[in-house]
Every structure is written in structure tokens, then in C-alpha cells.
$ cat upload-v9.cif   # mmCIF, C-alpha atoms
data_data
loop_
_atom_site.group_PDB
_atom_site.id
_atom_site.type_symbol
_atom_site.label_atom_id
_atom_site.label_comp_id
_atom_site.auth_asym_id
_atom_site.auth_seq_id
_atom_site.Cartn_x
_atom_site.Cartn_y
_atom_site.Cartn_z
ATOM 1 C CA MET G 13 29.805 31.529 25.033
ATOM 2 C CA SER G 14 28.061 28.618 23.376
ATOM 3 C CA TYR G 15 28.571 27.687 19.741
ATOM 4 C CA THR G 16 24.915 28.500 18.947
ATOM 5 C CA MET G 17 25.187 31.933 20.585
ATOM 6 C CA LYS G 18 28.405 32.748 18.658
ATOM 7 C CA ARG G 19 26.747 31.659 15.437
ATOM 8 C CA LEU G 20 23.662 33.801 16.123
ATOM 9 C CA LEU G 21 25.865 36.808 16.952
ATOM 10 C CA LEU G 22 27.866 36.308 13.732
ATOM 11 C CA ILE G 23 24.668 36.100 11.646
ATOM 12 C CA MET G 24 23.294 39.295 13.236
ATOM 13 C CA LEU G 25 26.599 41.088 12.591
ATOM 14 C CA LEU G 26 26.579 39.930 8.956
ATOM 15 C CA ILE G 27 22.981 41.098 8.433
ATOM 16 C CA GLY G 28 23.826 44.494 9.961
ATOM 17 C CA THR G 29 26.831 44.858 7.658
ATOM 18 C CA ILE G 30 24.830 43.960 4.559
ATOM 19 C CA ALA G 31 22.054 46.406 5.513
ATOM 20 C CA ALA G 32 24.606 49.175 6.096
ATOM 21 C CA CYS G 33 26.105 48.605 2.629
ATOM 22 C CA LYS G 34 22.761 48.735 0.823
ATOM 23 C CA LYS G 35 23.076 50.930 -2.251
ATOM 24 C CA GLU G 36 20.802 53.961 -2.221
ATOM 25 C CA ASP G 37 18.396 54.644 -5.062
ATOM 26 C CA PRO G 38 19.673 57.212 -7.567
ATOM 27 C CA VAL G 39 18.480 60.757 -6.954
ATOM 28 C CA GLN G 40 15.898 61.919 -9.488
ATOM 29 C CA PRO G 41 15.288 65.564 -10.426
ATOM 30 C CA PRO G 42 12.269 67.038 -8.627
ATOM 31 C CA PRO G 43 9.207 68.127 -10.673
ATOM 32 C CA GLY G 44 9.837 71.517 -12.302
ATOM 33 C CA GLY G 45 13.569 71.019 -12.106
ATOM 34 C CA GLY G 46 16.054 71.533 -9.370
ATOM 35 C CA PRO G 47 19.405 70.542 -8.002
ATOM 36 C CA VAL G 48 20.315 66.897 -8.260
ATOM 37 C CA ASN G 49 24.038 66.680 -7.548
ATOM 38 C CA GLU G 50 24.838 67.209 -3.860
ATOM 39 C CA SER G 51 28.268 68.728 -4.630
ATOM 40 C CA GLU G 52 27.016 72.321 -4.536
ATOM 41 C CA LEU G 53 23.643 73.829 -3.774
ATOM 42 C CA ILE G 54 22.086 75.559 -6.764
ATOM 43 C CA THR G 55 19.067 77.641 -5.827
ATOM 44 C CA THR G 56 18.935 80.070 -8.734
ATOM 45 C CA LEU G 57 19.469 79.962 -12.477
ATOM 46 C CA ARG G 58 19.293 83.227 -14.440
ATOM 47 C CA LEU G 59 19.372 83.498 -18.220
ATOM 48 C CA HIS G 60 20.199 86.990 -19.493
ATOM 49 C CA PHE G 61 19.054 87.603 -23.090
ATOM 50 C CA THR G 62 20.424 90.489 -25.190
ATOM 51 C CA SER G 63 19.565 90.980 -28.858
ATOM 52 C CA LEU G 64 22.542 91.416 -31.181
ATOM 53 C CA ASP G 65 21.846 95.146 -31.521
ATOM 54 C CA SER G 66 21.375 95.394 -27.698
ATOM 55 C CA SER G 67 17.932 96.987 -28.133
ATOM 56 C CA ASP G 68 16.073 94.054 -26.539
ATOM 57 C CA GLN G 69 17.051 92.669 -23.141
ATOM 58 C CA ARG G 70 15.116 89.999 -21.271
ATOM 59 C CA GLU G 71 15.672 87.740 -18.273
ATOM 60 C CA TRP G 72 14.477 84.293 -17.234
ATOM 61 C CA VAL G 73 14.812 83.105 -13.649
ATOM 62 C CA TRP G 74 14.379 79.746 -11.929
ATOM 63 C CA ARG G 75 14.567 79.980 -8.146
ATOM 64 C CA ASP G 76 14.158 77.303 -5.469
ATOM 65 C CA LEU G 77 15.469 78.881 -2.267
ATOM 66 C CA ASP G 78 14.245 76.179 0.111
ATOM 67 C CA GLY G 79 15.711 73.348 -1.961
ATOM 68 C CA GLU G 80 14.308 69.999 -2.951
ATOM 69 C CA GLY G 81 11.127 68.846 -1.249
ATOM 70 C CA GLY G 82 9.933 72.223 0.035
ATOM 71 C CA ASP G 83 7.910 74.755 -1.894
ATOM 72 C CA PRO G 84 7.915 74.298 -5.669
ATOM 73 C CA PRO G 85 10.454 76.349 -7.612
ATOM 74 C CA VAL G 86 9.387 79.700 -9.049
ATOM 75 C CA ILE G 87 10.004 80.160 -12.775
ATOM 76 C CA THR G 88 9.621 83.564 -14.416
ATOM 77 C CA THR G 89 10.149 84.098 -18.125
ATOM 78 C CA GLU G 90 9.484 86.824 -20.632
ATOM 79 C CA PRO G 91 8.396 86.187 -24.226
ATOM 80 C CA LEU G 92 11.207 86.488 -26.760
ATOM 81 C CA GLY G 93 11.004 88.273 -30.095
ATOM 82 C CA ALA G 94 10.304 86.438 -33.327
ATOM 83 C CA ASP G 95 13.095 86.478 -35.899
ATOM 84 C CA VAL G 96 15.556 87.818 -33.304
ATOM 85 C CA ILE G 97 19.007 86.509 -32.385
ATOM 86 C CA TYR G 98 19.942 86.768 -28.712
ATOM 87 C CA THR G 99 23.232 86.314 -26.938
ATOM 88 C CA VAL G 100 22.502 84.469 -23.707
ATOM 89 C CA ARG G 101 24.567 84.470 -20.543
ATOM 90 C CA ILE G 102 23.762 82.029 -17.732
ATOM 91 C CA GLU G 103 24.253 82.884 -14.092
ATOM 92 C CA VAL G 104 24.208 80.072 -11.493
ATOM 93 C CA LEU G 105 23.819 81.033 -7.835
ATOM 94 C CA ASP G 106 23.404 79.652 -4.326
ATOM 95 C CA GLU G 107 21.068 82.146 -2.658
ATOM 96 C CA SER G 108 20.188 79.949 0.325
ATOM 97 C CA ASP G 109 21.775 82.640 2.542
ATOM 98 C CA MET G 110 20.858 86.026 1.076
ATOM 99 C CA ASP G 111 23.595 87.643 3.197
ATOM 100 C CA ASP G 112 26.193 85.399 1.564
ATOM 101 C CA VAL G 113 25.167 84.695 -2.062
ATOM 102 C CA GLU G 114 27.593 82.319 -3.779
ATOM 103 C CA ASP G 115 28.221 82.760 -7.509
ATOM 104 C CA ILE G 116 28.610 79.192 -8.743
ATOM 105 C CA THR G 117 29.066 80.479 -12.300
ATOM 106 C CA ALA G 118 32.655 81.354 -11.411
ATOM 107 C CA GLU G 119 33.290 77.748 -10.322
ATOM 108 C CA ILE G 120 31.770 76.418 -13.561
ATOM 109 C CA VAL G 121 33.995 78.703 -15.634
ATOM 110 C CA GLU G 122 37.051 77.801 -13.560
ATOM 111 C CA GLU G 123 36.317 74.071 -13.976
ATOM 112 C CA ASP G 124 34.983 74.453 -17.535
ATOM 113 C CA ALA G 125 36.300 71.082 -18.777
ATOM 114 C CA GLU G 126 34.122 69.394 -16.128
ATOM 115 C CA HIS G 127 30.853 71.176 -16.992
ATOM 116 C CA GLN G 128 28.512 71.566 -19.932
ATOM 117 C CA PHE G 129 25.051 73.052 -20.335
ATOM 118 C CA PHE G 130 22.626 71.337 -22.681
ATOM 119 C CA PHE G 131 19.617 73.044 -24.270
ATOM 120 C CA ILE G 132 16.695 70.938 -25.490
ATOM 121 C CA SER G 133 13.964 72.923 -27.238
ATOM 122 C CA THR G 134 10.553 71.412 -27.920
ATOM 123 C CA GLY G 135 7.736 72.910 -30.000
ATOM 124 C CA VAL G 136 9.502 76.190 -30.787
ATOM 125 C CA ASN G 137 11.381 77.697 -33.721
ATOM 126 C CA ALA G 138 14.714 78.034 -31.934
ATOM 127 C CA THR G 139 18.307 77.081 -32.712
ATOM 128 C CA ILE G 140 20.798 77.268 -29.859
ATOM 129 C CA GLN G 141 24.561 77.355 -30.422
ATOM 130 C CA TYR G 142 27.467 77.400 -27.986
ATOM 131 C CA THR G 143 29.666 80.499 -28.114
ATOM 132 C CA ASP G 144 32.151 79.576 -25.388
ATOM 133 C CA GLN G 145 34.742 76.827 -25.032
ATOM 134 C CA ASP G 146 36.603 75.075 -22.262
ATOM 135 C CA VAL G 147 40.406 74.732 -22.078
ATOM 136 C CA ASN G 148 40.200 71.793 -24.528
ATOM 137 C CA GLY G 149 38.108 73.641 -27.130
ATOM 138 C CA ASP G 150 34.865 71.849 -26.140
ATOM 139 C CA PRO G 151 31.605 73.723 -25.430
ATOM 140 C CA VAL G 152 30.519 74.871 -21.967
ATOM 141 C CA GLY G 153 27.267 76.810 -22.547
ATOM 142 C CA VAL G 154 27.585 79.634 -20.025
ATOM 143 C CA GLN G 155 27.463 81.780 -23.183
ATOM 144 C CA SER G 156 25.269 80.839 -26.142
ATOM 145 C CA LEU G 157 23.475 82.240 -29.182
ATOM 146 C CA TRP G 158 19.721 81.687 -29.556
ATOM 147 C CA SER G 159 18.349 82.236 -33.080
ATOM 148 C CA LEU G 160 14.570 82.466 -32.939
ATOM 149 C CA GLY G 161 12.247 82.058 -35.886
ATOM 150 C CA ALA G 162 8.520 82.625 -36.341
ATOM 151 C CA ALA G 163 6.076 82.955 -33.467
ATOM 152 C CA SER G 164 5.619 79.684 -31.584
ATOM 153 C CA SER G 165 5.454 78.321 -28.065
ATOM 154 C CA GLY G 166 6.968 75.354 -26.306
ATOM 155 C CA THR G 167 9.744 74.662 -23.815
ATOM 156 C CA VAL G 168 13.502 74.720 -23.421
ATOM 157 C CA ASP G 169 15.162 72.335 -20.983
ATOM 158 C CA VAL G 170 18.369 73.797 -19.580
ATOM 159 C CA ILE G 171 20.541 71.062 -18.079
ATOM 160 C CA LEU G 172 23.930 71.444 -16.422
ATOM 161 C CA ARG G 173 26.000 68.253 -16.443
ATOM 162 C CA HIS G 174 29.031 67.725 -14.223
ATOM 163 C CA GLU G 175 31.838 65.629 -15.740
ATOM 164 C CA PRO G 176 30.113 64.804 -19.043
ATOM 165 C CA ASN G 177 32.032 62.831 -21.654
ATOM 166 C CA LYS G 178 32.617 65.675 -24.105
ATOM 167 C CA ASP G 179 34.350 63.283 -26.536
ATOM 168 C CA ALA G 180 31.248 61.085 -26.880
ATOM 169 C CA PRO G 181 29.335 61.238 -30.193
ATOM 170 C CA GLY G 182 27.178 64.356 -30.520
ATOM 171 C CA VAL G 183 28.024 65.859 -27.115
ATOM 172 C CA SER G 184 30.096 68.746 -28.496
ATOM 173 C CA ASP G 185 27.092 69.586 -30.720
ATOM 174 C CA GLY G 186 24.787 69.759 -27.686
ATOM 175 C CA ASP G 187 23.279 66.254 -27.851
ATOM 176 C CA ILE G 188 22.938 65.015 -24.263
ATOM 177 C CA THR G 189 22.237 61.385 -25.265
ATOM 178 C CA ASN G 190 25.801 60.090 -24.803
ATOM 179 C CA ALA G 191 27.009 62.738 -22.340
ATOM 180 C CA GLY G 192 26.897 60.733 -19.125
ATOM 181 C CA GLY G 193 28.046 62.604 -16.018
ATOM 182 C CA ASP G 194 25.851 63.883 -13.202
ATOM 183 C CA THR G 195 23.063 66.429 -13.499
ATOM 184 C CA ASP G 196 23.749 69.481 -11.317
ATOM 185 C CA VAL G 197 20.522 71.250 -12.274
ATOM 186 C CA GLU G 198 17.727 70.705 -14.798
ATOM 187 C CA VAL G 199 15.037 73.306 -15.472
ATOM 188 C CA ASN G 200 12.165 73.190 -17.948
ATOM 189 C CA PHE G 201 11.519 76.787 -19.044
ATOM 190 C CA PRO G 202 8.368 77.699 -21.006
ATOM 191 C CA LEU G 203 9.313 79.601 -24.161
ATOM 192 C CA VAL G 204 6.964 81.911 -26.039
ATOM 193 C CA ILE G 205 8.197 83.525 -29.245
ATOM 194 C CA GLU G 206 6.010 86.420 -30.372
#
$ encode --input "upload-v9.cif" --output "C-alpha cells"
Amino acid sequence: MSYTMKRLLLIMLLIGTIAACKKEDPVQPPPGGGPVNESELITTLRLHFTSLDSSDQREWVWRDLDGEGGDPPVITTEPLGADVIYTVRIEVLDESDMDDVEDITAEIVEEDAEHQFFFISTGVNATIQYTDQDVNGDPVGVQSLWSLGAASSGTVDVILRHEPNKDAPGVSDGDITNAGGDTDVEVNFPLVIE
């Protein structure tokens, strides 16, 4: 083989190697929310609301059974009562196979030090507090307390982070700014307080 041919073959091999090592663009959440982290498929997020006296029970659901890129997710919410305090329990599911529904909530609770929900309310009279803790005493957010004020409307972003830095400033208080980690699911729920 000639020197020129060997050189050309080496250059083509080098270009192929560089192209194969090209870093992929980071995955962005789809419009309306959805799964971002490929580690587990999250198709359904349910928020179960119960007033402190148990007289008022509501449910919010985000469902995207066909995953990212298919049909848009379906979000159903109910208005919440003004001047009411609700305990909220989150359920995370993989319902891609309705004959074999996987409860991912159990995995989140089992690996609680590696997960944290964040709640970002906009335009509403709502204060959200964690009521559960991981093995290190840091918040998880599968259980929370929502104190609602006067009638208003806006949104609440519910974000599940995998491996956040729970020791970073503000993270244990629910501030996602310094949390880092990967987003497993992010849903923007409309909230009406009436």
C-alpha cells in the first residue's frame, strides 16, 4: 500500500472516530412537561389532595402514555379551595403497558436521598412545605403541605430531580436554583384557587 493511500486511510479513520465521539445535545423537557431522564419512563404523575379535616379530596393528573414526541400530554386538575390547607401525596407511574403498571413512587422512596421534588408556584396565593425526609433528614417531596390563601389563579411547576445537591444553598428549602442533578419529570399544572 502506498504512503498516500495509508495516509488517506488514517485520515478517514480519524474523522470517523471524531464523528462517533461527538457529544449529543442535552435533552430538553418537551412542551407541557414530560420525562427527561432516560433512566426510567415516567408516563403519569398524580397529585392527591386531602384537606386537613379530610372533607375535601381532589386529584390532579398529568399523563403522557405515548412518551416524548407523540401526542401532547393530558393534564387534568380540579380547583382547590381558598383558605384551605391540603396534605398532598404524589404518585409517579409508568403506565406504558397498562397490563404491567410500574409504581415508580416506591423507587423514589427507596432511593430518597437521590430524589427531590420542587414546587414553583406563580401567580397564586400558595405556600408549599415538605412533610417528608430522606435518610439524611433532607426533603423529598412525595408528601407535602399546601397552604392556600385567597382566590387566585396561576401555575405550579412540579419538578422531580434525580441526584440533586441537597446540601447546596436553598435546596432543602425547595429552591431549585442550586440543586443541579437531572430532571426526571417536569410538569406545569394550572392552579385555580376558588
$ closest_residue --input "upload-v9.cif" --among "G:Gln141, G:Thr195, G:Thr62, G:Ser133" --to "G:Gly153" --atoms "all atoms listed in the file"
G:Gln141
$ atom_distance --input "upload-v9.cif" --atom1 "atom CA of G:Thr143" --atom2 "atom CA of G:Arg101"
10.0 Å
$ resolve_selection --input "upload-v9.cif" --expression "the PyMOL selection byres ((chain G and resi 159) around 7)" --output "list in words"
Val96, Ile97, Tyr98, Ala138, Thr139, Ile140, Leu157, Trp158, Leu160 and Gly161 of chain G
$ resolve_selection --input "upload-v9.cif" --expression "the PyMOL selection byres ((chain G and resi 67) around 12)" --output "VMD selection string"
chain G and resid 61 to 66 68 to 70 93 96 to 99
$ write_last_selection --input "upload-v9.cif" --atoms "C-alpha atoms" --output "short mmCIF file (atom, residue, chain, number, x, y, z; two decimals), in the coordinates of the input"
data_model
loop_
_atom_site.label_atom_id
_atom_site.label_comp_id
_atom_site.auth_asym_id
_atom_site.auth_seq_id
_atom_site.Cartn_x
_atom_site.Cartn_y
_atom_site.Cartn_z
CA PHE G 61 19.05 87.60 -23.09
CA THR G 62 20.42 90.49 -25.19
CA SER G 63 19.57 90.98 -28.86
CA LEU G 64 22.54 91.42 -31.18
CA ASP G 65 21.85 95.15 -31.52
CA SER G 66 21.38 95.39 -27.70
CA ASP G 68 16.07 94.05 -26.54
CA GLN G 69 17.05 92.67 -23.14
CA ARG G 70 15.12 90.00 -21.27
CA GLY G 93 11.00 88.27 -30.10
CA VAL G 96 15.56 87.82 -33.30
CA ILE G 97 19.01 86.51 -32.38
CA TYR G 98 19.94 86.77 -28.71
CA THR G 99 23.23 86.31 -26.94
#
$ resolve_selection --input "upload-v9.cif" --expression "the PyMOL selection byres ((chain G and resi 114) around 12)" --output "mmCIF file with C-alpha atoms, keeping the file's coordinate frame"
data_model
loop_
_atom_site.group_PDB
_atom_site.id
_atom_site.type_symbol
_atom_site.label_atom_id
_atom_site.label_comp_id
_atom_site.auth_asym_id
_atom_site.auth_seq_id
_atom_site.Cartn_x
_atom_site.Cartn_y
_atom_site.Cartn_z
ATOM 1 C CA GLU G 52 27.016 72.321 -4.536
ATOM 2 C CA LEU G 53 23.643 73.829 -3.774
ATOM 3 C CA ILE G 54 22.086 75.559 -6.764
ATOM 4 C CA THR G 55 19.067 77.641 -5.827
ATOM 5 C CA THR G 56 18.935 80.070 -8.734
ATOM 6 C CA GLU G 103 24.253 82.884 -14.092
ATOM 7 C CA VAL G 104 24.208 80.072 -11.493
ATOM 8 C CA LEU G 105 23.819 81.033 -7.835
ATOM 9 C CA ASP G 106 23.404 79.652 -4.326
ATOM 10 C CA GLU G 107 21.068 82.146 -2.658
ATOM 11 C CA SER G 108 20.188 79.949 0.325
ATOM 12 C CA ASP G 109 21.775 82.640 2.542
ATOM 13 C CA MET G 110 20.858 86.026 1.076
ATOM 14 C CA ASP G 111 23.595 87.643 3.197
ATOM 15 C CA ASP G 112 26.193 85.399 1.564
ATOM 16 C CA VAL G 113 25.167 84.695 -2.062
ATOM 17 C CA ASP G 115 28.221 82.760 -7.509
ATOM 18 C CA ILE G 116 28.610 79.192 -8.743
ATOM 19 C CA THR G 117 29.066 80.479 -12.300
ATOM 20 C CA ALA G 118 32.655 81.354 -11.411
ATOM 21 C CA GLU G 119 33.290 77.748 -10.322
#
$ closest_residue --input "upload-v9.cif" --among "G:Pro91, G:Pro181, G:Gly79, G:Pro176" --to "G:Gly193" --atoms "all atoms listed in the file"
G:Pro176
$ closest_residue --input "upload-v9.cif" --among "G:Asp194, G:Asp179, G:Glu206, G:Asp76" --to "G:Gly166" --atoms "only C-alpha atoms"
G:Glu206
$ build_atoms --input "upload-v9.cif" --residues "stretch 118-149 of chain G" --atoms "N, CA and C atoms" --output "CSV table (one decimal), keeping the file's coordinate frame"
chain,number,residue,atom,x,y,z
G,118,ALA,N,31.2,81.2,-11.4
G,118,ALA,CA,32.7,81.4,-11.4
G,118,ALA,C,33.3,80.0,-11.3
G,119,GLU,N,32.7,79.1,-10.5
G,119,GLU,CA,33.3,77.7,-10.3
G,119,GLU,C,33.1,77.0,-11.6
G,120,ILE,N,32.0,77.1,-12.3
G,120,ILE,CA,31.8,76.4,-13.6
G,120,ILE,C,32.8,76.9,-14.6
G,121,VAL,N,33.0,78.2,-14.7
G,121,VAL,CA,34.0,78.7,-15.6
G,121,VAL,C,35.4,78.2,-15.3
G,122,GLU,N,35.7,78.2,-14.0
G,122,GLU,CA,37.1,77.8,-13.6
G,122,GLU,C,37.3,76.3,-13.9
G,123,GLU,N,36.2,75.5,-13.7
G,123,GLU,CA,36.3,74.1,-14.0
G,123,GLU,C,35.6,73.7,-15.3
G,124,ASP,N,35.8,74.5,-16.3
G,124,ASP,CA,35.0,74.5,-17.5
G,124,ASP,C,35.1,73.1,-18.2
G,125,ALA,N,36.2,72.4,-18.1
G,125,ALA,CA,36.3,71.1,-18.8
G,125,ALA,C,35.4,70.0,-18.1
G,126,GLU,N,34.9,70.3,-16.9
G,126,GLU,CA,34.1,69.4,-16.1
G,126,GLU,C,32.6,69.7,-16.2
G,127,HIS,N,32.3,70.7,-17.0
G,127,HIS,CA,30.9,71.2,-17.0
G,127,HIS,C,30.4,71.4,-18.4
G,128,GLN,N,29.1,71.2,-18.7
G,128,GLN,CA,28.5,71.6,-19.9
G,128,GLN,C,27.0,71.7,-19.7
G,129,PHE,N,26.5,72.8,-20.3
G,129,PHE,CA,25.1,73.1,-20.3
G,129,PHE,C,24.5,72.4,-21.6
G,130,PHE,N,23.3,71.9,-21.5
G,130,PHE,CA,22.6,71.3,-22.7
G,130,PHE,C,21.3,72.1,-22.8
G,131,PHE,N,20.8,72.3,-24.0
G,131,PHE,CA,19.6,73.0,-24.3
G,131,PHE,C,18.8,72.2,-25.2
G,132,ILE,N,17.6,71.8,-24.7
G,132,ILE,CA,16.7,70.9,-25.5
G,132,ILE,C,15.4,71.7,-25.7
G,133,SER,N,15.2,72.2,-26.9
G,133,SER,CA,14.0,72.9,-27.2
G,133,SER,C,12.9,72.0,-27.8
G,134,THR,N,11.7,72.2,-27.4
G,134,THR,CA,10.6,71.4,-27.9
G,134,THR,C,9.4,72.3,-28.3
G,135,GLY,N,8.9,72.2,-29.5
G,135,GLY,CA,7.7,72.9,-30.0
G,135,GLY,C,8.0,74.4,-30.4
G,136,VAL,N,9.2,74.8,-30.5
G,136,VAL,CA,9.5,76.2,-30.8
G,136,VAL,C,10.5,76.3,-31.9
G,137,ASN,N,10.4,77.4,-32.6
G,137,ASN,CA,11.4,77.7,-33.7
G,137,ASN,C,12.6,78.3,-33.1
G,138,ALA,N,13.5,77.5,-32.6
G,138,ALA,CA,14.7,78.0,-31.9
G,138,ALA,C,15.9,77.1,-32.2
G,139,THR,N,17.0,77.8,-32.5
G,139,THR,CA,18.3,77.1,-32.7
G,139,THR,C,19.3,77.7,-31.7
G,140,ILE,N,19.9,76.8,-30.9
G,140,ILE,CA,20.8,77.3,-29.9
G,140,ILE,C,22.2,76.8,-30.1
G,141,GLN,N,23.2,77.7,-30.1
G,141,GLN,CA,24.6,77.4,-30.4
G,141,GLN,C,25.5,77.8,-29.3
G,142,TYR,N,26.5,77.0,-29.0
G,142,TYR,CA,27.5,77.4,-28.0
G,142,TYR,C,28.4,78.5,-28.5
G,143,THR,N,28.7,79.5,-27.7
G,143,THR,CA,29.7,80.5,-28.1
G,143,THR,C,30.9,80.6,-27.2
G,144,ASP,N,31.0,79.6,-26.3
G,144,ASP,CA,32.2,79.6,-25.4
G,144,ASP,C,32.8,78.2,-25.4
G,145,GLN,N,34.0,78.1,-25.0
G,145,GLN,CA,34.7,76.8,-25.0
G,145,GLN,C,35.5,76.6,-23.7
G,146,ASP,N,35.8,75.4,-23.4
G,146,ASP,CA,36.6,75.1,-22.3
G,146,ASP,C,38.1,75.1,-22.7
G,147,VAL,N,39.0,74.7,-21.8
G,147,VAL,CA,40.4,74.7,-22.1
G,147,VAL,C,40.8,73.8,-23.2
G,148,ASN,N,39.9,72.8,-23.5
G,148,ASN,CA,40.2,71.8,-24.5
G,148,ASN,C,39.5,72.1,-25.8
G,149,GLY,N,38.8,73.3,-25.9
G,149,GLY,CA,38.1,73.6,-27.1
G,149,GLY,C,36.7,73.0,-27.2
